[in-house]
Protein chains: 4
Amino acid sequence: MVVDGCPPRVPIDLEAIQRDLDRRRPGQSRLTTPRSEADRAEILSGVFEGRSLGTPIALLVRNKDARPQAYEEMKDVYRPSHADYTYEAKYGIRNWQGGGRASARETIGRVAAGAIARGLLATEGVEVLAWVRSVHDIDAKVDVERVGLNDVEASLVRCPDTAASAQMEARIDEARERGDSLGGVVECVARGVPAGWGEPVFDKLDADLARGMLSLPASKGFELGSGFAGTRLTGIEHNDPFVPGQDGAPKTSANRSGGVQGGISNGEPIVMRIAFKPTATIRLEQDTVNSAGEATTLEAQGRHDPCVLPRAVPMVEAMVCLVLADHWLRQRATDVFPR
Amino acid sequence: MVVDGCPPRVPIDLEAIQRDLDRRRPGQSRLTTPRSEADRAEILSGVFEGRSLGTPIALLVRNKDARPQAYEEMKDVYRPSHADYTYEAKYGIRNWQGGGRASARETIGRVAAGAIARGLLATEGVEVLAWVRSVHDIDAKVDVERVGLNDVEASLVRCPDTAASAQMEARIDEARERGDSLGGVVECVARGVPAGWGEPVFDKLDADLARGMLSLPASKGFELGSGFAGTRLTGIEHNDPFVPGQDGAPKTSANRSGGVQGGISNGEPIVMRIAFKPTATIRLEQDTVNSAGEATTLEAQGRHDPCVLPRAVPMVEAMVCLVLADHWLRQRATDVFPR
Amino acid sequence: MVVDGCPPRVPIDLEAIQRDLDRRRPGQSRLTTPRSEADRAEILSGVFEGRSLGTPIALLVRNKDARPQAYEEMKDVYRPSHADYTYEAKYGIRNWQGGGRASARETIGRVAAGAIARGLLATEGVEVLAWVRSVHDIDAKVDVERVGLNDVEASLVRCPDTAASAQMEARIDEARERGDSLGGVVECVARGVPAGWGEPVFDKLDADLARGMLSLPASKGFELGSGFAGTRLTGIEHNDPFVPGQDGAPKTSANRSGGVQGGISNGEPIVMRIAFKPTATIRLEQDTVNSAGEATTLEAQGRHDPCVLPRAVPMVEAMVCLVLADHWLRQRATDVFPR
Amino acid sequence: MVVDGCPPRVPIDLEAIQRDLDRRRPGQSRLTTPRSEADRAEILSGVFEGRSLGTPIALLVRNKDARPQAYEEMKDVYRPSHADYTYEAKYGIRNWQGGGRASARETIGRVAAGAIARGLLATEGVEVLAWVRSVHDIDAKVDVERVGLNDVEASLVRCPDTAASAQMEARIDEARERGDSLGGVVECVARGVPAGWGEPVFDKLDADLARGMLSLPASKGFELGSGFAGTRLTGIEHNDPFVPGQDGAPKTSANRSGGVQGGISNGEPIVMRIAFKPTATIRLEQDTVNSAGEATTLEAQGRHDPCVLPRAVPMVEAMVCLVLADHWLRQRATDVFPR
């Protein structure tokens with residue numbers, strides 16, 4: 001995994017990287033897949049005496065617990081709603097031993113890179129935090145302004161609403177026992193982003209956030225601020241009135257915009273929600289076809305998450321950190337002249 | 001406006017471009033802003049005897065009906081939930097005479113370029129169609145498999161459900177009279193996309209579609225296939241079973257995936273929905289601040305859409321065409337060897 | 001022509017753009033092609049009250065003096081050493097009416113954009129100046145450290161060595177009368193570039209300069225500092241010794257490196273030379289083939305430069321300005337933390 | 001090292017990669033640095049059962065023979081004409097233990113990636129071959145059309161002119177004994193490139209080749225075809241007459257264009273020359289300054305090449321292969337419609 005574009009002289013904390021990798025790691029609780037990948041990161045380049053050199057940072061995380069034979073059953077059978085068939089169609093060749101780049105294992109690189117971006121953003125006072133907002137039909141109540149990392153990490157599900165968290169755990173346990181799986185929604189806030197990040201037209205800040213989120217495995221939707229529910233308000237109900245801020249800069253008295261207006265951050269918290277479908281690989285018998293095009297059935301035997309949501313939380317944070325860090329540097333390059 | 005990357009020898013139909021520009025144009029019905037921008041496109045380069053040269057295609061659409069003085073009132077006042085303040089914060093300079101790149105007028109270039117991409121995709125048998133799925137709290141019933149362009153264009157609102165369309169018209173009229181505005185949801189389908197378009201990891205087909213959609217003015221959300229509602233299903237309910245197809249390639253008996261699996265098209269229709277917030281510029285009095293940081297109020301006097309949805313339909317189609325055409329060419333460049 | 005990436009609040013001087021366009025313009029002296037293209041630039045976007053908005057700057061320069069019929073003779077005949085055949089081979093379609101993108105007219109956009117970049121660089125104290133170093137076998141003597149714009153512009157050939165300039169003029173007149181053409185070498189210096197611009201590995205400052213220069217029509221070679229001649233020195237002869245500078249930063253007591261070491265500027269003047277072949281389009285009869293693959297001959301009748309060198313000077317400057325401005329902004333984006 | 005953009009189903013031959021790495025490797029003959037880096041490549045991703053997967057190919061070559069303490073002397077002293085100072089100026093931090101990315105060791109990644117590109121090009125019938133054309137003032141005579149890999153590899157210097165090769169060897173031995181170093185010129189030909197590769201304007205084939213060559217450590221110049229010498233010919237002498245080819249496509253009866261016209265390949269051999277300065281790190285005493293800005297002297301003690309030319313040959317070939325492979329794929333993506 002290579003991180004390109006990290007400025008020089010950024011403190012690189014291997015322990016912080018490892019901490020985020022551990023939050024992503026399978027086998028961290030009974031709610032996630034029992035694979036016990038150690039996921040130890042080794043820095044190969046780009047760091048010298050604890051600081052970035054300004055050149056690409058290469059990290060290596062070897063898979064200590066790969067079991068290619070566990071995937072033998074799926075060699076010639078397309079798992080429904082997984083990427084087996086589309087990879088075959090696209091590439092005409094497929095590494096069937098574990099899902100290749102369509103495996104959630106691919107997100108290790110995102111999380112490690114995200115930890116570096118998080119360190120960079122911290123120097124600017126930006127904090128990114130995500131949590132599970134819903135699992136299946138269980139919705140949590142979360143105070144977006146107040147919730148903190150400890151509230152999230154106190155829950156196995158990474159849901160800071162204790163009551164909802166308990167229900168979610170039970171629901172996930174039940175799904176795992178049944179050989180079924182569940183989806184849900186992750187919510188994420190970025191606090192401390194100053195006004196002015198994001199580019200007009202195609203590289204809007206929210207457009208790049210949407211791309212980052214939809215690039216995560218199993219994600220099916222993205223919304224910013226009021227999102228889909230906001231379409232049911234009228235303009236006068238939806239607009240965020242400006243009020244004088246304490247530092248002279250305007251503030252808004254509501255945040256239905258979710259911190260972005262016209263594709264550019266307005267200084268308010270950036271708030272978004274991401275939909276994750278139920279994990280595609282399940283133990284229950286499913287109809288499918290094999291690579292010869294014949295109808296067959298599949299009961300997947302591998303070790304898989306009954307619910308990706310708890311591990312999706314650090315993935316979402318990582319992608320948000322990467323997108324924000326990129327836009328910060330773009331704005332730095334742009335804001336050349338004294339005002 | 002410059003279209004880069006159009007292959008050579010593509011028929012370029014200026015009339016087709018003009019047709020899409022007219023669908024986007026303000027003043028086309030009483031539901032849209034009364035500005036009567038003629039929006040005539042002139043081709044400056046890249047086309048010879050009706051076909052593309054393979055070099056950039058430049059088009060020029062002059063604004064015949066700009067009224068900078070109409071924006072005078074907004075010179076020093078930030079319109080709530082518009083981009084005035086964020087542009088000022090980002091750039092330290094702002095063309096206040098009409099919104100600049102934050103004006104919906106910016107989408108002319110997208111629609112013209114999209115019309116060229118649409119022509120290219122048509123040679124591959126791909127068709128892209130969008131419609132209004134909801135306005136405010138009025139939801140349309142639309143058969144995604146059957147709906148056609150005529151059904152959409154028969155409605156002023158571009159909603160193919162006649163009953164819902166009538167209700168939407170009335171609701172928009174009412175909002176306009178009140179000086180308020182409405183939002184809604186556009187739904188879009190791409191039919192005939194073969195399996196294999198899209199790249200793994202960051203440039204997934206759905207990730208690039210999400211980015212394209214969130215880059216549109218006023219959009220606040222994106223979902224593919226089952227989207228947010230799909231998070232309330234279990235894996236066995238959500239997965240799309242594969243069944244043998246007539247041509248030997250697998251088909252799915254449901255399409256909750258929305259035509260994309262693992263970031264790559266699977267040959268099924270690509271179905272997505274995009275949330276558009278109520279238009280920010282309204283006539284009703286709103287609290288805001290001026291550029292000196294003082295509290296004030298604003299009653300916008302310009303000519304503005306009470307509901308962007310009918311005009312958002314061609315914008316959505318254009319961005320989908322552009323994303324798909326890019327991915328088609330990427331796949332062409334990749335699929336080099338005989339299988 | 002669109003300039004992307006210009007920071008906001010840069011003074012944009014249309015007269016300065018026009019001045020550089022006039023230096024590039026055909027018909028400016030008897031040494032260049034008699035086409036009298038007026039080349040008036042119109043700014044379409046990105047500038048407000050004389051300063052850049054930070055969004056793309058579009059300029060339009062219409063061709064008032066195109067004579068497509070003058071190219072009729074070349075419709076089916078490939079001009080030797082021109083791009084007619086390669087465009088046909090690449091694109092399978094060709095605008096034969098004037099050379100299309102392979103016409104030197106394409107460089108108008110470079111020169112206009114370069115003038116904007118030049119204005120940006122001036123705010124940082126960077127000055128870019130080029131001149132004709134040789135025409136055919138006539139070599140000028142130029143003091144790279146002292147030569148100024150007036151010395152260059154005082155010569156029709158843009159060669160600041162008065163004696164050589166006169167010889168070059170005579171040689172070019174003679175070639176034109178004969179229906180033949182001449183090549184030569186342009187030398188360029190960038191003064192005031194601070195140490196630290198350029199990226200390691202692929203985007204070295206000299207690599208990007210080389211690319212910019214070889215992208216100019218008719219260029220066949222590039223060298224930096226000692227260039228090809230430097231290969232005949234030994235290490236001890238070639239190395240530039242460091243000496244303490246007045247401001248504490250190291251200086252070099254020679255500049256065989258040409259201002260770039262390891263791909264990154266070292267604070268010394270950046271010095272390069274670019275080879276331009278003799279103009280391909282000549283009046284003398286030449287052997288060639290037509291598009292049917294049959295042998296034929298060609299005596300080109302159009303209006304063409306007998307020697308591109310005088311007009312190549314502003315083109316070289318423009319590309320150097322563009323490359324330097326890009327690298328300045330990249331370095332700005334990188335140099336985030338206090339040292 | 002990561003190779004992005006390799007199409008799927010390309011045979012990946014680890015032995016071929018290793019072969020090119022061995023040609024680049026220090027310590028391969030008495031003419032090169034005595035470091036004995038084993039340079040064994042390990043494939044980490046992107047290859048399955050001997051063929052590319054279409055996803056990034058990561059290779060790892062660990063440095064088994066790093067001796068950071070050997071660089072201790074250069075920790076605070078800037079080597080003349082090396083990148084120590086410019087890296088310090090750019091990044092404000094520098095890994096002084098071996099040169100970091102400014103070390104020629106960086107080219108391992110280029111050579112490994114180039115070997116993959118070479119395999120890809122071979123499927124299209126393209127062959128890339130380089131050799132040493134001159135060392136110091138010793139010029140070789142080489143028949144560009146006939147020379148083959150065995151002719152080159154038979155010489156320690158990689159110069160196919162046996163007599164010149166012997167002289168070059170002696171000259172290099174002498175320089176090494178003296179503690180000095182030598183430069184020279186590498187010539188390279190690409191045979192079998194079809195007409196139509198390369199893009200107009202900025203991404204001309206020769207522009208990208210120039211960039212690739214100037215991105216190599218120690219290179220100071222690039223020329224294509226007739227290059228700088230061609231500026232001393234007139235148009236009628238320089239133009240390459242077209243003649244009917246055997247397959248109906250035009251051929252040229254000379255190749256002063258060097259295989260590229262208007263930035264696009266014309267089907268003739270692509271011929272270029274690259275100037276490499278004498279190695280900067282020498283044992284002879286030199287004047288320089290230290291990081292405190294004080295005058296001092298340096299006698300470098302590390303293990304360094306007295307002449308980079310023999311090892312530059314595979315580096316040049318690698319970069320040419322990479323540029324050509326990129327342009328092949330670009331043209332594939334472009335040439336969509338039947339002609």
# chains A, B, ... in the order shown; residues from 1 in each chain; ligands from 1
$ interface_residues --of "chain B" --to "chain D" --cutoff "9 Å" --atoms "only C-alpha atoms" --output "list in words"
Gly5, Cys6, Pro7, Pro8, Arg9, Val10, Gly54, Thr55, Glu199, Pro200, Trp328, Leu329, Arg330, Gln331, Arg332, Ala333, Thr334, Asp335, Val336, Phe337, Pro338 and Arg339 of chain B
$ write_last_selection --atoms "N, CA, C and O atoms" --output "PDB file, in the first residue's frame"
ATOM      1  N   GLY B   5     -11.448  13.665 -24.858  1.00  0.00           N
ATOM      2  CA  GLY B   5     -11.509  12.210 -24.798  1.00  0.00           C
ATOM      3  C   GLY B   5     -12.558  11.585 -25.690  1.00  0.00           C
ATOM      4  O   GLY B   5     -12.751  10.371 -25.661  1.00  0.00           O
ATOM      5  N   CYS B   6     -13.240  12.382 -26.510  1.00  0.00           N
ATOM      6  CA  CYS B   6     -14.202  11.789 -27.448  1.00  0.00           C
ATOM      7  C   CYS B   6     -13.417  11.076 -28.552  1.00  0.00           C
ATOM      8  O   CYS B   6     -12.566  11.678 -29.195  1.00  0.00           O
ATOM      9  N   PRO B   7     -13.671   9.798 -28.788  1.00  0.00           N
ATOM     10  CA  PRO B   7     -12.957   9.090 -29.856  1.00  0.00           C
ATOM     11  C   PRO B   7     -13.236   9.723 -31.219  1.00  0.00           C
ATOM     12  O   PRO B   7     -14.215  10.459 -31.371  1.00  0.00           O
ATOM     13  N   PRO B   8     -12.401   9.458 -32.179  1.00  0.00           N
ATOM     14  CA  PRO B   8     -12.642   9.987 -33.520  1.00  0.00           C
ATOM     15  C   PRO B   8     -13.776   9.239 -34.218  1.00  0.00           C
ATOM     16  O   PRO B   8     -14.108   8.122 -33.837  1.00  0.00           O
ATOM     17  N   ARG B   9     -14.347   9.901 -35.207  1.00  0.00           N
ATOM     18  CA  ARG B   9     -15.333   9.281 -36.105  1.00  0.00           C
ATOM     19  C   ARG B   9     -16.673   9.025 -35.445  1.00  0.00           C
ATOM     20  O   ARG B   9     -17.484   8.247 -35.958  1.00  0.00           O
ATOM     21  N   VAL B  10     -16.935   9.691 -34.319  1.00  0.00           N
ATOM     22  CA  VAL B  10     -18.263   9.603 -33.697  1.00  0.00           C
ATOM     23  C   VAL B  10     -19.165  10.629 -34.376  1.00  0.00           C
ATOM     24  O   VAL B  10     -18.787  11.793 -34.496  1.00  0.00           O
ATOM     25  N   GLY B  54     -11.477  13.380 -32.885  1.00  0.00           N
ATOM     26  CA  GLY B  54     -10.657  12.694 -31.881  1.00  0.00           C
ATOM     27  C   GLY B  54      -9.887  13.674 -31.007  1.00  0.00           C
ATOM     28  O   GLY B  54      -9.236  13.280 -30.047  1.00  0.00           O
ATOM     29  N   THR B  55      -9.972  14.942 -31.342  1.00  0.00           N
ATOM     30  CA  THR B  55      -9.341  16.006 -30.558  1.00  0.00           C
ATOM     31  C   THR B  55     -10.443  16.753 -29.800  1.00  0.00           C
ATOM     32  O   THR B  55     -11.631  16.572 -30.097  1.00  0.00           O
ATOM     33  N   GLU B 199     -14.055   0.074 -12.380  1.00  0.00           N
ATOM     34  CA  GLU B 199     -12.727  -0.342 -11.934  1.00  0.00           C
ATOM     35  C   GLU B 199     -12.812  -0.707 -10.457  1.00  0.00           C
ATOM     36  O   GLU B 199     -13.614  -0.160  -9.713  1.00  0.00           O
ATOM     37  N   PRO B 200     -11.980  -1.611 -10.002  1.00  0.00           N
ATOM     38  CA  PRO B 200     -12.043  -1.979  -8.600  1.00  0.00           C
ATOM     39  C   PRO B 200     -11.514  -0.838  -7.719  1.00  0.00           C
ATOM     40  O   PRO B 200     -10.924   0.116  -8.208  1.00  0.00           O
ATOM     41  N   TRP B 328     -16.530   3.041 -20.358  1.00  0.00           N
ATOM     42  CA  TRP B 328     -16.482   2.197 -21.550  1.00  0.00           C
ATOM     43  C   TRP B 328     -15.092   2.279 -22.180  1.00  0.00           C
ATOM     44  O   TRP B 328     -14.478   1.257 -22.494  1.00  0.00           O
ATOM     45  N   LEU B 329     -14.588   3.498 -22.324  1.00  0.00           N
ATOM     46  CA  LEU B 329     -13.278   3.669 -22.962  1.00  0.00           C
ATOM     47  C   LEU B 329     -12.172   3.062 -22.095  1.00  0.00           C
ATOM     48  O   LEU B 329     -11.224   2.468 -22.610  1.00  0.00           O
ATOM     49  N   ARG B 330     -12.294   3.203 -20.775  1.00  0.00           N
ATOM     50  CA  ARG B 330     -11.289   2.567 -19.907  1.00  0.00           C
ATOM     51  C   ARG B 330     -11.288   1.056 -20.102  1.00  0.00           C
ATOM     52  O   ARG B 330     -10.222   0.430 -20.146  1.00  0.00           O
ATOM     53  N   GLN B 331     -12.471   0.487 -20.198  1.00  0.00           N
ATOM     54  CA  GLN B 331     -12.536  -0.970 -20.370  1.00  0.00           C
ATOM     55  C   GLN B 331     -11.983  -1.362 -21.746  1.00  0.00           C
ATOM     56  O   GLN B 331     -11.278  -2.369 -21.869  1.00  0.00           O
ATOM     57  N   ARG B 332     -12.271  -0.555 -22.753  1.00  0.00           N
ATOM     58  CA  ARG B 332     -11.709  -0.804 -24.095  1.00  0.00           C
ATOM     59  C   ARG B 332     -10.185  -0.862 -24.048  1.00  0.00           C
ATOM     60  O   ARG B 332      -9.541  -1.692 -24.682  1.00  0.00           O
ATOM     61  N   ALA B 333      -9.587   0.082 -23.313  1.00  0.00           N
ATOM     62  CA  ALA B 333      -8.127   0.160 -23.249  1.00  0.00           C
ATOM     63  C   ALA B 333      -7.544  -1.026 -22.501  1.00  0.00           C
ATOM     64  O   ALA B 333      -6.377  -1.368 -22.661  1.00  0.00           O
ATOM     65  N   THR B 334      -8.342  -1.653 -21.683  1.00  0.00           N
ATOM     66  CA  THR B 334      -7.875  -2.710 -20.797  1.00  0.00           C
ATOM     67  C   THR B 334      -8.015  -4.079 -21.426  1.00  0.00           C
ATOM     68  O   THR B 334      -7.188  -4.968 -21.240  1.00  0.00           O
ATOM     69  N   ASP B 335      -9.082  -4.237 -22.186  1.00  0.00           N
ATOM     70  CA  ASP B 335      -9.444  -5.582 -22.643  1.00  0.00           C
ATOM     71  C   ASP B 335      -8.733  -5.881 -23.957  1.00  0.00           C
ATOM     72  O   ASP B 335      -9.341  -5.975 -25.014  1.00  0.00           O
ATOM     73  N   VAL B 336      -7.422  -6.033 -23.850  1.00  0.00           N
ATOM     74  CA  VAL B 336      -6.546  -6.037 -25.020  1.00  0.00           C
ATOM     75  C   VAL B 336      -6.420  -7.405 -25.643  1.00  0.00           C
ATOM     76  O   VAL B 336      -6.443  -7.559 -26.870  1.00  0.00           O
ATOM     77  N   PHE B 337      -6.300  -8.433 -24.829  1.00  0.00           N
ATOM     78  CA  PHE B 337      -5.992  -9.752 -25.373  1.00  0.00           C
ATOM     79  C   PHE B 337      -7.250 -10.569 -25.636  1.00  0.00           C
ATOM     80  O   PHE B 337      -8.226 -10.472 -24.894  1.00  0.00           O
ATOM     81  N   PRO B 338      -7.193 -11.399 -26.652  1.00  0.00           N
ATOM     82  CA  PRO B 338      -8.312 -12.330 -26.862  1.00  0.00           C
ATOM     83  C   PRO B 338      -8.463 -13.216 -25.628  1.00  0.00           C
ATOM     84  O   PRO B 338      -7.487 -13.555 -24.984  1.00  0.00           O
ATOM     85  N   ARG B 339      -9.686 -13.559 -25.293  1.00  0.00           N
ATOM     86  CA  ARG B 339      -9.933 -14.364 -24.088  1.00  0.00           C
ATOM     87  C   ARG B 339      -9.774 -15.848 -24.396  1.00  0.00           C
ATOM     88  O   ARG B 339     -10.006 -16.284 -25.487  1.00  0.00           O
TER      89      ARG B 339
END
$ select_by_dssp --residues "region 234-309 of chain D" --states "strand (DSSP E or B)" --output "ChimeraX atom specification"
/D:234,242-244,250-252,260-261,264-265,270-276,286-290,295-298,307
$ atom_distance --atom1 "CA of Ser81 (chain D)" --atom2 "CA of Leu182 (chain D)"
13.8 Å
$ residues_around --residues "Val47 (chain C)" --least-positions-apart "2" --cutoff "9 Å" --atoms "only C-alpha atoms" --output "number ranges by chain"
B: 95; C: 11-12, 43-45, 49-58
$ select_by_dssp --residues "region 18-145 of chain B" --states "alpha helix (DSSP H)" --output "compact mmCIF listing (two decimals) with C-alpha atoms, in the first residue's frame"
# COMPACT_ATOMS: atom_id res chain seq x y z
CA GLN B 18 -29.54 21.43 -28.87
CA ARG B 19 -32.44 19.16 -27.94
CA ASP B 20 -30.87 18.28 -24.60
CA LEU B 21 -29.94 21.93 -24.01
CA ASP B 22 -33.59 22.84 -24.57
CA ARG B 23 -34.69 20.27 -21.99
CA ARG B 24 -32.32 21.92 -19.51
CA ASP B 84 -22.03 32.98 -1.90
CA TYR B 85 -20.28 32.69 1.43
CA THR B 86 -18.27 29.55 0.69
CA TYR B 87 -16.95 31.02 -2.57
CA GLU B 88 -15.98 34.17 -0.71
CA ALA B 89 -14.26 32.07 1.97
CA LYS B 90 -12.44 29.92 -0.54
CA TYR B 91 -11.40 32.40 -3.17
CA THR B 107 -24.75 22.73 -16.11
CA ILE B 108 -25.10 23.79 -19.76
CA GLY B 109 -21.64 22.38 -20.39
CA ARG B 110 -22.53 19.10 -18.72
CA VAL B 111 -25.68 18.71 -20.78
CA ALA B 112 -23.95 19.48 -24.07
CA ALA B 113 -21.07 17.11 -23.29
CA GLY B 114 -23.56 14.52 -22.08
CA ALA B 115 -25.36 14.67 -25.40
CA ILE B 116 -22.12 13.79 -27.16
CA ALA B 117 -21.49 10.94 -24.72
CA ARG B 118 -25.06 9.77 -25.24
CA GLY B 119 -24.41 9.55 -28.99
CA LEU B 120 -21.28 7.52 -28.34
CA LEU B 121 -23.06 5.15 -25.96
CA ALA B 122 -25.89 4.67 -28.45
$ closest_residue --among "D:Val289, D:Leu14, D:Leu324, D:Val2" --to "Gly46 (chain D)" --atoms "only C-alpha atoms"
D:Val2
